[in-house]
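Structure first, then comments.
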Amino acid sequence: MLLVQRVVLNSRPGTDGEPVPGHFRVEEAIVGPFLKEGQVLVRTLFLSVDPYMRCRMNEDTGAEYLAPWGLSECVDGGGVGVVELSRCDGLSVDDMVTSFNWHWQTQCLMDEKLLQKVEPQLVDGHISYFLGAVGMPGLTALLGVREKGHVTDGANQTMVVSGAAGACGSVAGQIGRVDGCTRVVGICGSDEKCRVLVEDLGFSAAVNYHQGDVATALRESCPNGVDVYFDNVGGPISDAVIAQMNNDGHVILCGQISQYNKDVPYPPPLCDETREALQSKNITRERFMVLNYMEKHEAGIIQLSQWVREGQIKVGGNLRQIIQRCWRR
């Protein structure tokens, strides 16, 4: 039997409230005593904290594919770790594995069917990349751009990405550039993040939505309008982007982070002006869920890992440091 530490949901913020540390608590628990056939004991190495988790704090997540976290139960999400004990044929001790259902605790008993073996050499030993650029956020960026973006090399397209400093947005913008967009403009929340997007990740320009008027900054950064919009945030920022989109443009509806603390359906309703712009300009705006493309995940991971190893896509290490400093403040 093992004594582990775990994170549990202590209380719910409600559908119209902001999460705070008090909604969670860390406690000790007993794991074991025995492995069943088809199970492994894994040690947690990295956990992923993602925007969609705010919805799982509610009693009703608002999405049929998302289950709510139970009160006083261990929370779960994306994770990666190492096998310490195994009673299954497909996994051995010291194998690296990942799962979308990883409990937030130091060690876990898990069924083999919930785990995917990963090869560290795909990411040059950077195991955490399997939760970022070479994991679900990277796949969301890749398949979102490829399936809904309609990027055409040589078509002189401009792409805008909101939430551009995040794990998904930072990769989406780079894929837009790789696939042939002439300009890629990111929207984020600080001058420091803007600098990293342009100087480190190869964005053409970046807009700090905390500084000045977003619409004006977009007109300056996108002189030929916007053809593809990778939407991670929704709300007024998305309204400003869609207002400047060209005819026959495409909105990749990936997330609506700005609305997750509000009691609204998903996707949230649009204002009249934005609905009119979408209709009059024949702009497509379709909900995108990466889980609908499971058959493309394996090839996508291989493509992403190749780009990362070749340096065509850079992992935002400086962005992670900036975000960590913001959290500490």
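Quick note on naming: the chains in the structure tokens go A, B, ... in the order shown, residues restart at 1 in each chain, and ligands are numbered from 1 in order of appearance.
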Using DSSP on the backbone coordinates, identify all residues within segment 45-168 of chain A classified as helix (DSSP H, G or I); present the result as a VMD selection string. chain A and resid 53 to 56 112 to 114 120 to 123 127 to 131 136 to 149 167 to 168
Write out, as a CSV table (one decimal), in the first residue's frame, the residues just selected, with N, CA and C atoms.
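Once written, result-v5.csv looks like this:
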```csv
chain,number,residue,atom,x,y,z
A,53,MET,N,-10.9,23.0,-18.1
A,53,MET,CA,-11.1,22.4,-16.7
A,53,MET,C,-12.1,23.3,-15.9
A,54,ARG,N,-12.1,24.6,-16.3
A,54,ARG,CA,-13.1,25.5,-15.5
A,54,ARG,C,-14.5,24.9,-15.7
A,55,CYS,N,-14.9,24.4,-16.8
A,55,CYS,CA,-16.2,23.9,-17.1
A,55,CYS,C,-16.4,22.6,-16.2
A,56,ARG,N,-15.4,21.9,-15.9
A,56,ARG,CA,-15.5,20.6,-15.2
A,56,ARG,C,-15.7,20.9,-13.7
A,112,GLU,N,-4.7,-0.2,-18.3
A,112,GLU,CA,-3.9,-0.1,-19.6
A,112,GLU,C,-4.7,0.6,-20.7
A,113,LYS,N,-6.0,0.4,-20.8
A,113,LYS,CA,-6.8,0.9,-21.9
A,113,LYS,C,-6.9,2.5,-21.8
A,114,LEU,N,-6.6,3.1,-20.7
A,114,LEU,CA,-6.6,4.5,-20.5
A,114,LEU,C,-5.3,5.2,-20.9
A,120,PRO,N,10.1,8.9,-25.7
A,120,PRO,CA,10.9,10.1,-25.4
A,120,PRO,C,11.7,10.7,-26.5
A,121,GLN,N,12.2,9.8,-27.4
A,121,GLN,CA,13.1,10.3,-28.5
A,121,GLN,C,12.3,11.1,-29.4
A,122,LEU,N,11.0,11.0,-29.5
A,122,LEU,CA,10.2,11.9,-30.4
A,122,LEU,C,10.3,13.3,-30.0
A,123,VAL,N,10.6,13.6,-28.7
A,123,VAL,CA,10.7,15.0,-28.2
A,123,VAL,C,12.0,15.2,-27.6
A,127,ILE,N,9.8,15.3,-22.0
A,127,ILE,CA,8.6,14.6,-21.8
A,127,ILE,C,7.4,15.5,-21.7
A,128,SER,N,7.5,16.7,-21.1
A,128,SER,CA,6.4,17.6,-20.9
A,128,SER,C,5.8,18.0,-22.2
A,129,TYR,N,6.6,17.9,-23.3
A,129,TYR,CA,6.0,18.3,-24.7
A,129,TYR,C,4.8,17.5,-25.0
A,130,PHE,N,4.7,16.3,-24.5
A,130,PHE,CA,3.5,15.4,-24.8
A,130,PHE,C,2.2,16.0,-24.2
A,131,LEU,N,2.4,17.0,-23.4
A,131,LEU,CA,1.2,17.7,-22.8
A,131,LEU,C,1.0,19.0,-23.5
A,136,MET,N,-2.1,17.1,-26.8
A,136,MET,CA,-3.5,17.5,-27.1
A,136,MET,C,-3.5,19.0,-27.6
A,137,PRO,N,-2.8,19.9,-27.0
A,137,PRO,CA,-2.9,21.3,-27.5
A,137,PRO,C,-2.3,21.4,-28.9
A,138,GLY,N,-1.2,20.7,-29.2
A,138,GLY,CA,-0.6,20.7,-30.5
A,138,GLY,C,-1.5,20.1,-31.5
A,139,LEU,N,-2.1,19.0,-31.2
A,139,LEU,CA,-3.1,18.3,-32.1
A,139,LEU,C,-4.3,19.2,-32.3
A,140,THR,N,-4.8,19.9,-31.3
A,140,THR,CA,-5.9,20.8,-31.5
A,140,THR,C,-5.5,21.9,-32.5
A,141,ALA,N,-4.3,22.4,-32.4
A,141,ALA,CA,-3.8,23.5,-33.3
A,141,ALA,C,-3.7,22.9,-34.7
A,142,LEU,N,-3.0,21.8,-34.8
A,142,LEU,CA,-2.8,21.2,-36.2
A,142,LEU,C,-4.1,20.9,-36.9
A,143,LEU,N,-5.0,20.1,-36.2
A,143,LEU,CA,-6.2,19.6,-36.9
A,143,LEU,C,-7.2,20.8,-37.0
A,144,GLY,N,-7.1,21.7,-36.1
A,144,GLY,CA,-8.0,22.9,-36.3
A,144,GLY,C,-7.7,23.7,-37.5
A,145,VAL,N,-6.4,24.0,-37.7
A,145,VAL,CA,-5.9,24.7,-38.9
A,145,VAL,C,-6.2,23.9,-40.2
A,146,ARG,N,-5.8,22.6,-40.1
A,146,ARG,CA,-5.9,21.8,-41.3
A,146,ARG,C,-7.4,21.4,-41.7
A,147,GLU,N,-8.2,21.2,-40.7
A,147,GLU,CA,-9.6,20.8,-41.0
A,147,GLU,C,-10.6,21.9,-41.2
A,148,LYS,N,-10.3,23.1,-40.5
A,148,LYS,CA,-11.3,24.2,-40.5
A,148,LYS,C,-10.7,25.5,-41.0
A,149,GLY,N,-9.4,25.6,-41.2
A,149,GLY,CA,-8.8,26.9,-41.5
A,149,GLY,C,-8.7,27.2,-43.0
A,167,ALA,N,-0.8,27.4,-24.9
A,167,ALA,CA,-0.2,26.2,-25.5
A,167,ALA,C,-0.7,25.8,-26.8
A,168,CYS,N,-2.0,26.1,-27.1
A,168,CYS,CA,-2.6,25.8,-28.4
A,168,CYS,C,-2.4,26.9,-29.3
```
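For segment 24-33 of chain A, the non-local neighbours within 6 Å, defined as residues at least 3 positions apart in the same chain or in other chains and counting only C-alpha atoms, are A:Met1, A:Leu2, A:Leu3, A:Val4, A:Gln5, A:Arg6, A:Val7, A:Val8, A:Leu9, A:Asn10, A:Pro21.
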- Message: Give me the residues near Val241 of chain A as a ChimeraX atom specification, where near means some atom within 9 Å (using only C-alpha atoms) and where sequence neighbours in that chain fewer than 3 positions away do not count.
- Response: /A:160,214-215,218,226,229,236-238,244-245
task: Write out as a PyMOL selection string the residues lying within 12 Å of Gly225 of chain A, counting only C-alpha atoms and excluding same-chain residues fewer than 5 positions away.
output: chain A and resi 156-160+182-185+215+218-220+240-249
Got time to write the residues from that selection, N, CA and C atoms, as a PDB file, in the first residue's frame?
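Contents of the output file result00.pdb:
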```pdb
ATOM      1  N   ASN A 156      -1.826  34.363 -50.183  1.00  0.00           N
ATOM      2  CA  ASN A 156      -1.649  35.662 -49.527  1.00  0.00           C
ATOM      3  C   ASN A 156      -2.654  35.857 -48.383  1.00  0.00           C
ATOM      4  N   GLN A 157      -2.809  34.831 -47.558  1.00  0.00           N
ATOM      5  CA  GLN A 157      -3.783  34.889 -46.466  1.00  0.00           C
ATOM      6  C   GLN A 157      -3.175  35.457 -45.189  1.00  0.00           C
ATOM      7  N   THR A 158      -4.026  36.119 -44.419  1.00  0.00           N
ATOM      8  CA  THR A 158      -3.663  36.603 -43.091  1.00  0.00           C
ATOM      9  C   THR A 158      -4.440  35.810 -42.048  1.00  0.00           C
ATOM     10  N   MET A 159      -3.718  35.283 -41.071  1.00  0.00           N
ATOM     11  CA  MET A 159      -4.330  34.554 -39.957  1.00  0.00           C
ATOM     12  C   MET A 159      -4.182  35.358 -38.671  1.00  0.00           C
ATOM     13  N   VAL A 160      -5.238  35.392 -37.877  1.00  0.00           N
ATOM     14  CA  VAL A 160      -5.194  35.975 -36.540  1.00  0.00           C
ATOM     15  C   VAL A 160      -5.483  34.867 -35.531  1.00  0.00           C
ATOM     16  N   THR A 182       0.660  34.373 -45.279  1.00  0.00           N
ATOM     17  CA  THR A 182       1.625  35.457 -45.480  1.00  0.00           C
ATOM     18  C   THR A 182       1.871  36.232 -44.193  1.00  0.00           C
ATOM     19  N   ARG A 183       0.796  36.460 -43.433  1.00  0.00           N
ATOM     20  CA  ARG A 183       0.913  37.140 -42.147  1.00  0.00           C
ATOM     21  C   ARG A 183       0.184  36.326 -41.083  1.00  0.00           C
ATOM     22  N   VAL A 184       0.798  36.271 -39.900  1.00  0.00           N
ATOM     23  CA  VAL A 184       0.174  35.632 -38.739  1.00  0.00           C
ATOM     24  C   VAL A 184       0.276  36.616 -37.583  1.00  0.00           C
ATOM     25  N   VAL A 185      -0.873  37.010 -37.059  1.00  0.00           N
ATOM     26  CA  VAL A 185      -0.938  38.014 -35.992  1.00  0.00           C
ATOM     27  C   VAL A 185      -1.535  37.376 -34.751  1.00  0.00           C
ATOM     28  N   ALA A 215      -9.349  46.875 -32.025  1.00  0.00           N
ATOM     29  CA  ALA A 215      -9.752  47.028 -33.429  1.00  0.00           C
ATOM     30  C   ALA A 215      -8.753  47.874 -34.204  1.00  0.00           C
ATOM     31  N   LEU A 218      -5.545  45.926 -34.724  1.00  0.00           N
ATOM     32  CA  LEU A 218      -5.720  44.888 -35.743  1.00  0.00           C
ATOM     33  C   LEU A 218      -5.669  45.474 -37.145  1.00  0.00           C
ATOM     34  N   ARG A 219      -6.300  46.626 -37.346  1.00  0.00           N
ATOM     35  CA  ARG A 219      -6.260  47.251 -38.676  1.00  0.00           C
ATOM     36  C   ARG A 219      -4.826  47.574 -39.085  1.00  0.00           C
ATOM     37  N   GLU A 220      -4.021  47.980 -38.114  1.00  0.00           N
ATOM     38  CA  GLU A 220      -2.615  48.286 -38.416  1.00  0.00           C
ATOM     39  C   GLU A 220      -1.826  47.017 -38.700  1.00  0.00           C
ATOM     40  N   ALA A 240     -14.233  41.922 -32.524  1.00  0.00           N
ATOM     41  CA  ALA A 240     -13.354  42.869 -33.222  1.00  0.00           C
ATOM     42  C   ALA A 240     -12.649  42.204 -34.398  1.00  0.00           C
ATOM     43  N   VAL A 241     -12.234  40.943 -34.237  1.00  0.00           N
ATOM     44  CA  VAL A 241     -11.550  40.238 -35.319  1.00  0.00           C
ATOM     45  C   VAL A 241     -12.513  39.948 -36.463  1.00  0.00           C
ATOM     46  N   ILE A 242     -13.676  39.405 -36.135  1.00  0.00           N
ATOM     47  CA  ILE A 242     -14.633  39.017 -37.171  1.00  0.00           C
ATOM     48  C   ILE A 242     -15.091  40.230 -37.973  1.00  0.00           C
ATOM     49  N   ALA A 243     -15.179  41.384 -37.323  1.00  0.00           N
ATOM     50  CA  ALA A 243     -15.576  42.607 -38.029  1.00  0.00           C
ATOM     51  C   ALA A 243     -14.594  42.971 -39.136  1.00  0.00           C
ATOM     52  N   GLN A 244     -13.345  42.507 -39.024  1.00  0.00           N
ATOM     53  CA  GLN A 244     -12.330  42.855 -40.020  1.00  0.00           C
ATOM     54  C   GLN A 244     -11.986  41.687 -40.949  1.00  0.00           C
ATOM     55  N   MET A 245     -12.819  40.650 -40.911  1.00  0.00           N
ATOM     56  CA  MET A 245     -12.550  39.498 -41.772  1.00  0.00           C
ATOM     57  C   MET A 245     -13.017  39.756 -43.198  1.00  0.00           C
ATOM     58  N   ASN A 246     -12.329  39.138 -44.138  1.00  0.00           N
ATOM     59  CA  ASN A 246     -12.651  39.264 -45.552  1.00  0.00           C
ATOM     60  C   ASN A 246     -13.787  38.317 -45.940  1.00  0.00           C
ATOM     61  N   ASN A 247     -14.352  38.553 -47.096  1.00  0.00           N
ATOM     62  CA  ASN A 247     -15.371  37.657 -47.623  1.00  0.00           C
ATOM     63  C   ASN A 247     -14.817  36.240 -47.741  1.00  0.00           C
ATOM     64  N   ASP A 248     -15.666  35.258 -47.456  1.00  0.00           N
ATOM     65  CA  ASP A 248     -15.318  33.837 -47.577  1.00  0.00           C
ATOM     66  C   ASP A 248     -14.204  33.424 -46.624  1.00  0.00           C
ATOM     67  N   GLY A 249     -14.089  34.133 -45.496  1.00  0.00           N
ATOM     68  CA  GLY A 249     -13.093  33.771 -44.494  1.00  0.00           C
ATOM     69  C   GLY A 249     -13.558  32.594 -43.653  1.00  0.00           C
TER      70      GLY A 249
END
```
Report task. Might you pull out every residue within 9 Å of Gly186 of chain A, with only C-alpha atoms counted and same-chain residues fewer than 2 positions away left off, and present them as an NGL selection string? Result -> :A and (159-165 or 169-170 or 173 or 184 or 188 or 194 or 197-198 or 203-208)
Write a file of the selected residues as a CSV table (one decimal), in the first residue's frame, keeping C-alpha atoms.
```csv
chain,number,residue,atom,x,y,z
A,159,MET,CA,-4.3,34.6,-40.0
A,160,VAL,CA,-5.2,36.0,-36.5
A,161,VAL,CA,-4.9,33.9,-33.4
A,162,SER,CA,-6.5,34.9,-30.1
A,163,GLY,CA,-5.1,33.4,-26.9
A,164,ALA,CA,-1.9,33.3,-29.0
A,165,ALA,CA,0.5,32.9,-26.0
A,169,GLY,CA,-2.6,29.3,-29.8
A,170,SER,CA,1.2,29.6,-29.9
A,173,GLY,CA,0.1,30.5,-35.3
A,184,VAL,CA,0.2,35.6,-38.7
A,188,CYS,CA,-2.4,38.2,-26.0
A,194,CYS,CA,3.9,40.0,-27.7
A,197,LEU,CA,5.4,35.7,-30.2
A,198,VAL,CA,7.2,37.9,-32.7
A,203,PHE,CA,4.6,35.7,-35.7
A,204,SER,CA,4.4,38.7,-38.0
A,205,ALA,CA,2.9,41.0,-35.3
A,206,ALA,CA,1.2,40.8,-32.0
A,207,VAL,CA,-1.5,42.8,-30.2
A,208,ASN,CA,-1.7,43.4,-26.5
```
Strand (DSSP E) call set, DSSP backbone run, segment 31-248 of chain A, as a PyMOL selection string
chain A and resi 31+39-47+76-86+96-103+107-111+116-118+158-162+183-188+205-208+226-231+245-248
Segment 214-323 of chain A residues near segment 60-63 of chain A within 12 Å, closest pair each, using only C-alpha atoms, as CSV:
```
residue,atom,partner,partner_atom,distance
A:Tyr260,CA,A:Thr61,CA,10.0
A:Asn261,CA,A:Thr61,CA,11.4
A:Lys262,CA,A:Gly62,CA,11.3
A:Asp263,CA,A:Gly62,CA,9.4
A:Val264,CA,A:Gly62,CA,8.6
A:Pro265,CA,A:Gly62,CA,6.4
A:Tyr266,CA,A:Gly62,CA,6.5
A:Pro267,CA,A:Gly62,CA,9.4
A:Pro268,CA,A:Gly62,CA,10.6
A:Met289,CA,A:Ala63,CA,11.1
```
Between A:Cys222, A:Val251, A:Leu71, A:Leu109, smallest distance to Glu59 of chain A by only C-alpha atoms belongs to A:Leu71
inquiry  = Need to verify the contact set: segment 76-84 of chain A, 6 Å, only C-alpha atoms, exclusion of same-chain residues closer than 3 positions in sequence. Can you return it as a count of residues only?
reply    = 20
